[in-house]
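Participant: This one is coords_39.cif, mmCIF, C-alpha atoms.
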data_run
#
loop_
_atom_site.label_atom_id
_atom_site.label_comp_id
_atom_site.auth_asym_id
_atom_site.auth_seq_id
_atom_site.Cartn_x
_atom_site.Cartn_y
_atom_site.Cartn_z
CA MET Y 1199 30.84 26.68 2.05
CA ARG Y 1200 28.56 29.61 2.80
CA ARG Y 1201 27.04 29.42 -0.68
CA GLY Y 1202 26.26 25.76 -0.14
CA LEU Y 1203 24.47 26.64 3.06
CA TRP Y 1204 22.30 29.20 1.30
CA LEU Y 1205 21.46 26.73 -1.45
CA ALA Y 1206 20.38 24.16 1.12
CA LEU Y 1207 18.30 26.78 2.91
CA ALA Y 1208 16.60 27.81 -0.34
CA ALA Y 1209 15.85 24.18 -1.16
CA ALA Y 1210 14.35 23.69 2.30
CA VAL Y 1211 12.11 26.73 1.85
CA VAL Y 1212 10.88 25.49 -1.53
CA LEU Y 1213 10.23 22.01 -0.17
CA ALA Y 1214 8.42 23.30 2.89
CA SER Y 1215 6.12 25.47 0.84
CA SER Y 1216 5.21 22.94 -1.84
CA PRO Y 1217 2.53 21.01 0.15
CA VAL Y 1218 0.73 24.32 0.59
CA PHE Y 1219 0.41 24.66 -3.16
CA ALA Y 1220 -0.72 21.06 -3.42
CA GLU Y 1221 -3.48 21.67 -0.90
CA GLU Y 1222 -4.74 24.63 -2.83
CA GLY Y 1223 -5.15 22.42 -5.86
CA VAL Y 1224 -7.39 19.91 -4.09
CA LEU Y 1225 -10.69 21.65 -4.47
CA ALA Y 1226 -9.88 22.60 -8.02
CA MET Y 1227 -9.56 18.86 -8.75
CA ASN Y 1228 -12.89 18.16 -7.11
CA PRO Y 1229 -15.07 21.15 -7.89
CA GLU Y 1230 -18.20 19.36 -6.72
CA ASP Y 1231 -16.87 19.28 -3.17
CA THR Y 1232 -19.25 21.24 -1.08
CA PHE Y 1233 -19.67 21.06 2.64
CA ALA Y 1234 -22.33 22.37 4.95
CA THR Y 1235 -19.89 23.85 7.43
CA PRO Y 1236 -16.32 25.15 7.25
CA GLU Y 1237 -15.40 22.59 9.94
CA GLN Y 1238 -16.29 19.79 7.55
CA LEU Y 1239 -14.11 21.29 4.87
CA VAL Y 1240 -11.22 21.55 7.32
CA ARG Y 1241 -11.68 17.92 8.36
CA TYR Y 1242 -11.84 16.86 4.71
CA GLU Y 1243 -8.63 18.70 3.87
CA ARG Y 1244 -6.87 17.27 6.90
CA LEU Y 1245 -8.00 13.67 6.30
CA ILE Y 1246 -7.17 13.47 2.62
CA ASN Y 1247 -3.72 14.83 3.41
CA GLU Y 1248 -3.25 12.12 6.03
CA PHE Y 1249 -3.98 9.27 3.61
CA ARG Y 1250 -1.27 7.93 1.37
CA CYS Y 1251 -2.28 7.12 -2.17
CA VAL Y 1252 -1.45 3.42 -2.49
CA VAL Y 1253 -1.23 3.53 -6.28
CA CYS Y 1254 1.11 6.49 -6.63
CA GLN Y 1255 3.12 6.14 -3.47
CA ASN Y 1256 4.79 9.25 -2.08
CA GLN Y 1257 1.72 11.27 -2.92
CA SER Y 1258 -1.18 11.78 -0.59
CA VAL Y 1259 -4.77 11.10 -1.55
CA ALA Y 1260 -5.13 14.87 -1.68
CA GLU Y 1261 -2.35 15.31 -4.21
CA SER Y 1262 -2.89 12.38 -6.49
CA ASN Y 1263 -4.91 12.46 -9.64
CA VAL Y 1264 -5.40 8.75 -10.24
CA ASP Y 1265 -8.93 7.29 -10.28
CA LEU Y 1266 -8.51 5.50 -6.97
CA ALA Y 1267 -7.41 8.66 -5.14
CA ARG Y 1268 -10.33 10.54 -6.66
CA ASP Y 1269 -12.72 7.84 -5.42
CA LEU Y 1270 -11.14 7.90 -1.98
CA ARG Y 1271 -11.58 11.69 -1.85
CA ARG Y 1272 -15.21 11.26 -2.82
CA ILE Y 1273 -15.71 8.57 -0.18
CA THR Y 1274 -14.05 10.74 2.46
CA ARG Y 1275 -16.33 13.62 1.51
CA ASP Y 1276 -19.45 11.41 1.55
CA MET Y 1277 -18.55 9.89 4.91
CA ILE Y 1278 -18.06 13.35 6.41
CA LEU Y 1279 -21.42 14.44 5.01
CA GLU Y 1280 -23.01 11.31 6.51
CA GLY Y 1281 -21.71 12.38 9.89
CA LYS Y 1282 -19.04 9.68 10.26
CA THR Y 1283 -16.22 10.34 12.71
CA ASP Y 1284 -12.57 10.64 11.72
CA GLU Y 1285 -11.96 7.24 13.35
CA GLU Y 1286 -14.65 5.62 11.22
CA ILE Y 1287 -13.20 7.12 8.05
CA LYS Y 1288 -9.67 6.02 8.98
CA ALA Y 1289 -10.97 2.53 9.78
CA PHE Y 1290 -12.60 2.38 6.33
CA MET Y 1291 -9.20 3.07 4.75
CA THR Y 1292 -7.12 0.77 6.94
CA ASP Y 1293 -9.64 -2.09 6.57
CA ARG Y 1294 -8.86 -2.04 2.88
CA TYR Y 1295 -5.25 -0.97 2.57
CA GLY Y 1296 -3.75 -1.50 6.03
CA ASP Y 1297 -1.84 0.97 8.16
CA PHE Y 1298 0.22 1.71 5.08
CA VAL Y 1299 -2.36 4.30 4.00
CA LEU Y 1300 -1.81 6.35 7.13
CA TYR Y 1301 1.09 8.80 7.00
CA ASP Y 1302 0.81 8.82 10.78
CA PRO Y 1303 1.18 5.15 11.76
CA PRO Y 1304 -0.63 4.06 14.96
CA LEU Y 1305 1.34 3.03 18.04
CA LYS Y 1306 1.29 -0.77 18.31
CA PRO Y 1307 3.91 -3.46 19.04
CA ILE Y 1308 5.16 -3.56 15.46
CA THR Y 1309 5.70 0.22 15.40
CA TYR Y 1310 7.26 0.59 18.88
CA LEU Y 1311 10.75 0.77 17.38
CA LEU Y 1312 9.59 3.28 14.78
CA TRP Y 1313 8.10 5.59 17.39
CA GLY Y 1314 10.82 4.91 19.93
CA ALA Y 1315 13.77 5.48 17.59
CA PRO Y 1316 13.93 9.28 18.08
CA VAL Y 1317 13.99 8.87 21.87
CA ILE Y 1318 16.58 6.09 21.65
CA LEU Y 1319 18.79 8.14 19.35
CA LEU Y 1320 18.41 11.17 21.62
CA LEU Y 1321 19.48 9.10 24.63
CA VAL Y 1322 22.46 7.67 22.73
CA GLY Y 1323 23.47 11.18 21.66
CA ALA Y 1324 23.08 12.47 25.20
CA ALA Y 1325 25.17 9.60 26.58
CA VAL Y 1326 27.95 10.28 24.06
CA MET Y 1327 27.86 13.98 24.84
CA VAL Y 1328 27.99 13.45 28.59
CA THR Y 1329 30.94 11.06 28.26
CA VAL Y 1330 32.90 13.31 25.93
CA VAL Y 1331 32.25 16.54 27.80
CA GLY Y 1332 32.86 14.84 31.11
CA ARG Y 1333 36.18 13.50 29.93
CA ARG Y 1334 37.22 16.86 28.50
CA SER Y 1335 36.50 18.74 31.70
CA HIS Y 1336 38.59 16.16 33.58
CA GLU Y 1337 41.47 16.70 31.20
CA SER Y 1338 41.02 20.49 31.14
CA GLY Y 1339 44.21 22.17 30.16
CA GLU Y 1340 45.44 19.16 28.26
CA GLU Y 1341 45.01 18.77 24.58
CA PRO Y 1342 41.76 16.83 24.10
CA ASP Y 1343 42.72 13.56 22.55
CA GLY Y 1344 40.93 12.06 19.63
CA MET Y 1345 38.07 14.48 19.26
CA GLY Y 1346 38.41 17.10 16.62
CA GLU Y 1347 41.68 15.88 15.26
CA ASN Y 1348 40.29 15.90 11.74
CA THR Y 1349 39.69 19.62 11.54
CA MET D 590 37.61 2.27 25.45
CA LYS D 591 39.74 3.57 22.64
CA THR D 592 39.01 0.63 20.39
CA LEU D 593 35.33 1.02 21.16
CA LYS D 594 35.45 4.61 19.93
CA TYR D 595 36.66 3.47 16.54
CA LEU D 596 34.59 0.34 16.47
CA LEU D 597 31.23 1.98 17.18
CA PRO D 598 30.97 3.97 13.93
CA VAL D 599 31.93 0.85 12.01
CA ILE D 600 29.20 -1.14 13.76
CA ALA D 601 26.68 1.63 13.15
CA PHE D 602 27.67 1.70 9.50
CA VAL D 603 27.33 -2.06 9.10
CA VAL D 604 23.89 -2.06 10.75
CA LEU D 605 22.64 0.78 8.54
CA ALA D 606 24.16 -0.78 5.44
CA GLY D 607 22.39 -4.02 6.35
CA PHE D 608 19.02 -2.27 6.46
CA PHE D 609 19.64 -0.48 3.17
CA TYR D 610 20.83 -3.67 1.51
CA LYS D 611 17.63 -5.44 2.54
CA GLY D 612 15.63 -2.43 1.37
CA LEU D 613 17.19 -2.65 -2.08
CA PHE D 614 15.37 -5.92 -2.69
CA LEU D 615 12.01 -5.01 -1.19
CA ASP D 616 9.30 -4.01 -3.61
CA PRO D 617 7.70 -0.86 -2.20
CA ARG D 618 4.67 -1.46 -4.41
CA THR D 619 3.61 -4.58 -2.53
CA VAL D 620 1.55 -3.36 0.36
CA PRO D 621 0.59 -6.15 2.75
CA SER D 622 -3.16 -6.61 2.46
CA PRO D 623 -5.12 -6.39 5.70
CA LEU D 624 -7.70 -8.70 4.09
CA ILE D 625 -5.53 -11.81 4.32
CA GLY D 626 -7.20 -14.21 6.74
CA LYS D 627 -10.47 -12.27 6.66
CA PRO D 628 -13.75 -13.18 4.97
CA ALA D 629 -13.82 -11.98 1.38
CA PRO D 630 -15.93 -8.81 1.06
CA GLN D 631 -19.46 -9.46 -0.16
CA PHE D 632 -20.47 -8.32 -3.60
CA GLN D 633 -23.21 -8.73 -6.15
CA LEU D 634 -22.19 -7.63 -9.60
CA GLN D 635 -23.39 -8.04 -13.13
CA ASP D 636 -21.85 -10.94 -14.97
CA LEU D 637 -19.63 -9.53 -17.70
CA ARG D 638 -20.77 -12.03 -20.30
CA GLN D 639 -24.44 -12.29 -19.28
CA PRO D 640 -25.54 -8.85 -18.12
CA GLU D 641 -28.87 -10.24 -16.90
CA ALA D 642 -27.14 -12.58 -14.46
CA THR D 643 -25.48 -11.64 -11.17
CA PHE D 644 -22.20 -12.93 -9.95
CA ALA D 645 -21.91 -12.85 -6.17
CA GLN D 646 -19.04 -13.52 -3.82
CA SER D 647 -21.06 -16.47 -2.48
CA ASP D 648 -20.90 -18.14 -5.91
CA MET D 649 -17.24 -18.90 -5.25
CA LEU D 650 -17.84 -20.79 -1.98
CA GLY D 651 -17.34 -24.51 -1.52
CA ARG D 652 -14.11 -24.91 -3.44
CA PRO D 653 -10.74 -23.20 -3.40
CA ALA D 654 -11.11 -20.33 -5.84
CA VAL D 655 -8.82 -17.90 -7.60
CA LEU D 656 -10.12 -14.40 -8.35
CA ASN D 657 -8.14 -12.40 -10.88
CA VAL D 658 -8.76 -8.64 -11.09
CA TRP D 659 -8.03 -7.39 -14.58
CA ALA D 660 -8.74 -4.67 -17.13
CA THR D 661 -8.10 -4.16 -20.80
CA TRP D 662 -6.06 -1.02 -20.12
CA CYS D 663 -3.64 -2.88 -17.89
CA SER D 664 -0.45 -4.07 -19.55
CA GLY D 665 0.40 -6.56 -16.81
CA CYS D 666 -2.93 -8.25 -17.50
CA ARG D 667 -2.00 -8.85 -21.11
CA GLN D 668 1.34 -10.16 -19.98
CA GLU D 669 -0.20 -12.73 -17.62
CA HIS D 670 -3.06 -13.73 -19.92
CA PRO D 671 -1.37 -16.67 -21.66
CA PHE D 672 -0.50 -18.12 -18.27
CA LEU D 673 -4.10 -17.68 -17.07
CA MET D 674 -5.24 -19.61 -20.15
CA GLN D 675 -2.83 -22.37 -19.20
CA LEU D 676 -4.10 -22.35 -15.60
CA ALA D 677 -7.70 -22.61 -16.77
CA ARG D 678 -6.82 -25.71 -18.77
CA SER D 679 -4.72 -27.55 -16.25
CA SER D 680 -4.94 -26.22 -12.68
CA GLY D 681 -8.22 -27.85 -11.63
CA VAL D 682 -9.03 -24.78 -9.50
CA PRO D 683 -11.82 -22.50 -10.72
CA LEU D 684 -10.47 -19.19 -11.98
CA TYR D 685 -12.86 -16.26 -11.64
CA GLY D 686 -12.35 -12.81 -13.06
CA MET D 687 -13.23 -9.34 -11.94
CA ASN D 688 -13.17 -6.79 -14.70
CA TYR D 689 -12.12 -3.55 -13.11
CA ARG D 690 -12.78 0.06 -14.20
CA ASP D 691 -13.33 -1.03 -17.76
CA GLU D 692 -15.90 -1.03 -20.56
CA ARG D 693 -17.97 -4.10 -21.33
CA ASP D 694 -17.38 -4.00 -25.11
CA LYS D 695 -13.64 -3.70 -24.72
CA ALA D 696 -13.54 -6.45 -22.11
CA LEU D 697 -15.62 -8.85 -24.23
CA ASP D 698 -13.47 -8.09 -27.26
CA TRP D 699 -10.34 -8.85 -25.20
CA LEU D 700 -11.74 -12.25 -24.18
CA ARG D 701 -12.70 -13.03 -27.79
CA ARG D 702 -9.27 -12.18 -29.13
CA LEU D 703 -7.00 -13.51 -26.39
CA GLY D 704 -9.13 -16.36 -25.07
CA ASP D 705 -11.36 -16.61 -22.05
CA PRO D 706 -9.86 -18.39 -19.04
CA TYR D 707 -12.59 -17.48 -16.55
CA GLU D 708 -15.47 -19.54 -15.16
CA ARG D 709 -17.37 -16.36 -14.39
CA VAL D 710 -16.41 -12.70 -14.69
CA ALA D 711 -17.81 -9.98 -12.45
CA PHE D 712 -18.18 -6.59 -14.08
CA ASP D 713 -17.07 -3.72 -11.85
CA PRO D 714 -16.99 -0.65 -14.08
CA ASP D 715 -16.80 1.97 -11.33
CA GLY D 716 -14.32 -0.03 -9.26
CA MET D 717 -16.36 0.22 -6.06
CA VAL D 718 -16.35 -3.51 -5.29
CA SER D 719 -12.65 -3.72 -6.11
CA LEU D 720 -12.17 -0.87 -3.66
CA ASP D 721 -13.75 -3.02 -0.94
CA TRP D 722 -11.29 -5.74 -1.86
CA GLY D 723 -8.41 -3.29 -1.42
CA VAL D 724 -7.45 -3.46 -5.08
CA TYR D 725 -5.06 -0.67 -5.99
CA GLY D 726 -3.15 -1.93 -8.98
CA SER D 727 -4.19 -4.53 -11.47
CA PRO D 728 -3.57 -7.26 -12.09
CA GLU D 729 -4.19 -8.60 -8.61
CA THR D 730 -4.95 -12.24 -7.91
CA PHE D 731 -6.66 -13.50 -4.77
CA LEU D 732 -6.73 -17.04 -3.44
CA ILE D 733 -9.93 -17.79 -1.53
CA ASP D 734 -10.58 -20.92 0.52
CA PRO D 735 -13.79 -22.96 0.32
CA ALA D 736 -15.21 -21.09 3.34
CA GLY D 737 -14.72 -17.74 1.59
CA THR D 738 -11.65 -16.52 3.47
CA ILE D 739 -8.98 -14.66 1.56
CA VAL D 740 -5.82 -16.69 1.98
CA TYR D 741 -3.35 -14.94 -0.28
CA LYS D 742 -3.07 -12.03 -2.65
CA HIS D 743 -0.57 -11.57 -5.42
CA LEU D 744 0.08 -8.14 -6.88
CA GLY D 745 1.26 -7.99 -10.46
CA PRO D 746 1.18 -10.48 -13.32
CA MET D 747 0.76 -14.13 -12.40
CA THR D 748 3.74 -16.27 -13.30
CA PRO D 749 4.38 -20.01 -13.11
CA GLY D 750 6.83 -19.30 -10.29
CA VAL D 751 4.26 -17.46 -8.18
CA TRP D 752 1.68 -20.15 -8.85
CA GLN D 753 4.08 -22.91 -7.83
CA GLU D 754 5.51 -21.24 -4.76
CA GLU D 755 2.59 -19.30 -3.32
CA PHE D 756 -0.67 -20.73 -4.65
CA LEU D 757 -0.14 -24.47 -5.03
CA PRO D 758 1.06 -25.19 -1.47
CA ARG D 759 -1.87 -23.23 -0.02
CA ILE D 760 -4.37 -24.98 -2.28
CA ALA D 761 -2.91 -28.35 -1.34
CA GLN D 762 -3.30 -27.42 2.31
CA MET D 763 -6.97 -26.55 1.78
CA GLN D 764 -7.65 -29.78 -0.01
CA GLY D 765 -5.76 -31.76 2.60
CA ALA D 766 -7.70 -30.09 5.41
CA ARG D 767 -10.99 -31.14 3.89
CA PRO D 768 -12.32 -34.40 5.35
#
Have the structure of the file written as C-alpha cells, please.
Facilitator:
Amino acid sequence: MRRGLWLALAAAVVLASSPVFAEEGVLAMNPEDTFATPEQLVRYERLINEFRCVVCQNQSVAESNVDLARDLRRITRDMILEGKTDEEIKAFMTDRYGDFVLYDPPLKPITYLLWGAPVILLLVGAAVMVTVVGRRSHESGEEPDGMGENT
Amino acid sequence: MKTLKYLLPVIAFVVLAGFFYKGLFLDPRTVPSPLIGKPAPQFQLQDLRQPEATFAQSDMLGRPAVLNVWATWCSGCRQEHPFLMQLARSSGVPLYGMNYRDERDKALDWLRRLGDPYERVAFDPDGMVSLDWGVYGSPETFLIDPAGTIVYKHLGPMTPGVWQEEFLPRIAQMQGARP
C-alpha cells in the first residue's frame, strides 16, 4: 500500500516536471527566434504553450515538431514583433481552428457546464458531507449505519 | 432515503458510462471548423499546371464548388483519388484542388499517373493559404456555395457515403435556392 503511494508520487513528480523540459526545447527548435525585449520572449513562450497543436493533438504548439506547429510558432513570433496584442494573436488562431486550439477555453454559453462543473461537484460533495456528518452527530454513541461498513 | 443512498452511485455510474460510451464513437481528430458559414478566405495563388496563371478564390464564385486540399505525401489523398476521378466525371459540380506543402514536379507527376480530376489547381507550397483556410490535415474537402461561403468541410478521404450524405443534400439546397 505504502509502496504504491510512493510510486504514484514519483509518477506525479515526473509528470509535473516534463513540461519544463519541453519548454526548454522550444528555442532549440527555432533558433532564429530573437526578440527585442525579454518581455516579448516571455509572451511568446506563454502563448505557444497555450495553443494546442491541431495536427498532433495532446501536444502544444510549443512542443510539436510538425510543419504546421512550426509555422504557427513563426506566426506568433512575427505577430509579437509587429506589436500585436495577445488577444489579436489568439483571435488569429481561433478564427482558423476554433476554440479547440486554446487549452484555456473562453467562458461562453457552451462552456458554462465545463467551467461550472468544479463548483457543482464541490457543492454536491459539501451537501453529502453535511448530511452525513450531521446524521452522525445526531446518532453519536450509536454505531454509524451504512458508512464505512466496507472497511 | 436508504434506497437513494444506494441508487445515487448507480445513477452517477450510468451517467458517466453514457458520456464515455458516446466518447468512444467520437473522432477526436475532427475539429469543428469555425469557417463554416463564413466567407471563404481570399487567396491568389499560382496555378499548379500553368505557373504563369493565377488561381484566385473569386474564380470559384457563381456555382457551387468543391475545393479539395491534397498533397503527394498524403496517403489519404491517394486513397480518395479514384473517387475524385469519378466525381469529376459524373457529379456536375466543379472540383477544384489546392496542392498543399508539396513540390510542383511531384504534384504534376501524380496527376499524370493517377489522373487529373480538377478544373483548376492552386499551388500552395508553403501552406500559408491553407493555413488561412484552417487546414490541418490533408485531405480536406470544402463545399463552397455560389456566393463564396464555406458550407461544409470534410476531414479525411472523400468517400461515396460522405458525398451522398453530406455534400449532395447541401448542393441540392443551393441549386434549389437559386431562382
Participant: Please identify every residue of chain Y that has at least one atom no more than 12 Å from any atom of chain D, counting all atoms listed in the file, and report them as a ChimeraX atom specification.
Facilitator: /Y:1250-1256,1264-1270,1272-1273,1289-1299,1319,1322,1326,1329-1330,1343-1345
Participant: Assuming the chain letters and numbering stay as they are in my file, what does the PyMOL selection byres ((chain Y and resi 1247) around 7) actually select? List them as a PyMOL selection string.
Facilitator: chain Y and resi 1243-1246+1248-1249+1258-1260
Participant: To one decimal in Å, tell me the separation between CA of Gln753 (chain D) and CA of Phe672 (chain D).
Facilitator: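 Between these atoms lies a distance of 12.4 Å.
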Participant: Record the distance separating CA of Arg709 (chain D) and CA of Asp691 (chain D), expressed in Å with one decimal.
Facilitator: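 Computed distance, CA of Arg709 (chain D) to CA of Asp691 (chain D), equals 16.2 Å.
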Participant: Looking at D:Pro653, D:Pro749, D:Pro628, D:Pro706, which one is nearest to Leu732 (chain D), with distances taken over only C-alpha atoms?
Facilitator: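 Under the stated criterion, the closest residue is D:Pro653.
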Participant: For Ile1287 (chain Y), please output as a list in words all residues within 7 Å (counting all atoms listed in the file; exclusion window: fewer than 5 positions along the same chain).
Facilitator: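 That gives Thr1274, Met1277 and Lys1282 of chain Y.
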Participant: Have a look at Y:Tyr1242, Y:Gly1332, Y:Val1317, Y:Ala1325 and name the one nearest to Ile1278 (chain Y); count only C-alpha atoms.
Facilitator: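 Among Y:Tyr1242, Y:Gly1332, Y:Val1317, Y:Ala1325, it is Y:Tyr1242 that comes nearest to Ile1278 (chain Y).
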Participant: Need to verify the contact set: region 632-643 of chain D, 10 Å, only C-alpha atoms, exclusion of same-chain residues closer than 5 positions in sequence. Can you return it as a ChimeraX atom specification?
Facilitator: /D:648,686-688,692-694,696-697,700,709-714,717-719,721-722
Participant: In Å, with one decimal, what is the gap from CA of Gly1323 (chain Y) to CA of Leu597 (chain D)?
Facilitator: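 Separating CA of Gly1323 (chain Y) from CA of Leu597 (chain D) is a distance of 12.8 Å.
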Participant: What lies within 7 Å of region 737-746 of chain D using all atoms listed in the file, ignoring chain neighbours under 5 positions off, as a ChimeraX atom specification?
Facilitator: /D:619,624-629,650,665-666,668-669,727-732
Participant: Do you know which residues the PyMOL selection byres ((chain D and resi 651) around 12) returns on this file, as a list in words?
Facilitator: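 Evaluating the PyMOL selection byres ((chain D and resi 651) around 12) on these coordinates yields Gln646, Ser647, Asp648, Met649, Leu650, Arg652, Pro653, Ala654, Val682, Pro683, Ile733, Asp734, Pro735, Ala736, Gly737, Thr738, Met763, Gln764 and Arg767 of chain D.
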Participant: Taking all atoms listed in the file into account, name the residue in Y:Ser1262, Y:Leu1279, Y:Pro1303, Y:Arg1333 that is nearest to Thr1235 (chain Y).
Facilitator: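 Of all the options, Y:Leu1279 lies closest to Thr1235 (chain Y).
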Participant: List the residues sitting within 7 Å of (-2.7, -20.2, -14.0) in the file's frame, using all atoms listed in the file, as a list in words.
Facilitator: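 These residues have at least one counted atom within 7 Å: Phe672, Leu673, Met674, Gln675, Leu676, Ala677, Ser680 and Trp752 of chain D.
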Participant: Filtering to C-alpha atoms, could you give me those residues as a PDB file, in the coordinates of the input?
Facilitator:
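The result, stored in selection-v7.pdb:
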ATOM      1  CA  PHE D 672      -0.500 -18.120 -18.270  1.00  0.00           C
ATOM      2  CA  LEU D 673      -4.100 -17.680 -17.070  1.00  0.00           C
ATOM      3  CA  MET D 674      -5.240 -19.610 -20.150  1.00  0.00           C
ATOM      4  CA  GLN D 675      -2.830 -22.370 -19.200  1.00  0.00           C
ATOM      5  CA  LEU D 676      -4.100 -22.350 -15.600  1.00  0.00           C
ATOM      6  CA  ALA D 677      -7.700 -22.610 -16.770  1.00  0.00           C
ATOM      7  CA  SER D 680      -4.940 -26.220 -12.680  1.00  0.00           C
ATOM      8  CA  TRP D 752       1.680 -20.150  -8.850  1.00  0.00           C
TER       9      TRP D 752
END
Participant: Kindly reconstruct region 1308-1321 of chain Y with N, CA and C atoms and present the result as a compact mmCIF listing (two decimals), in the coordinates of the input.
Facilitator:
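So the final result, stored in rebuild.txt, reads:
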# COMPACT_ATOMS: atom_id res chain seq x y z
N ILE Y 1308 4.27 -3.53 16.63
CA ILE Y 1308 5.16 -3.56 15.46
C ILE Y 1308 5.76 -2.19 15.16
N THR Y 1309 5.17 -1.12 15.68
CA THR Y 1309 5.70 0.22 15.40
C THR Y 1309 6.41 0.82 16.61
N TYR Y 1310 6.58 0.04 17.70
CA TYR Y 1310 7.26 0.59 18.88
C TYR Y 1310 8.64 1.13 18.52
N LEU Y 1311 9.39 0.34 17.73
CA LEU Y 1311 10.75 0.77 17.38
C LEU Y 1311 10.70 2.05 16.55
N LEU Y 1312 9.73 2.11 15.63
CA LEU Y 1312 9.59 3.28 14.78
C LEU Y 1312 9.36 4.53 15.62
N TRP Y 1313 8.42 4.42 16.56
CA TRP Y 1313 8.10 5.59 17.39
C TRP Y 1313 9.18 5.84 18.42
N GLY Y 1314 9.83 4.76 18.87
CA GLY Y 1314 10.82 4.91 19.93
C GLY Y 1314 12.18 5.38 19.44
N ALA Y 1315 12.44 5.20 18.13
CA ALA Y 1315 13.77 5.48 17.59
C ALA Y 1315 14.26 6.89 17.92
N PRO Y 1316 13.43 7.94 17.76
CA PRO Y 1316 13.93 9.28 18.08
C PRO Y 1316 14.39 9.39 19.53
N VAL Y 1317 13.62 8.81 20.45
CA VAL Y 1317 13.99 8.87 21.87
C VAL Y 1317 15.29 8.11 22.09
N ILE Y 1318 15.38 6.90 21.49
CA ILE Y 1318 16.58 6.09 21.65
C ILE Y 1318 17.80 6.84 21.14
N LEU Y 1319 17.66 7.42 19.94
CA LEU Y 1319 18.79 8.14 19.35
C LEU Y 1319 19.16 9.35 20.20
N LEU Y 1320 18.16 10.02 20.75
CA LEU Y 1320 18.41 11.17 21.62
C LEU Y 1320 19.20 10.73 22.85
N LEU Y 1321 18.79 9.59 23.44
CA LEU Y 1321 19.48 9.10 24.63
C LEU Y 1321 20.92 8.72 24.29
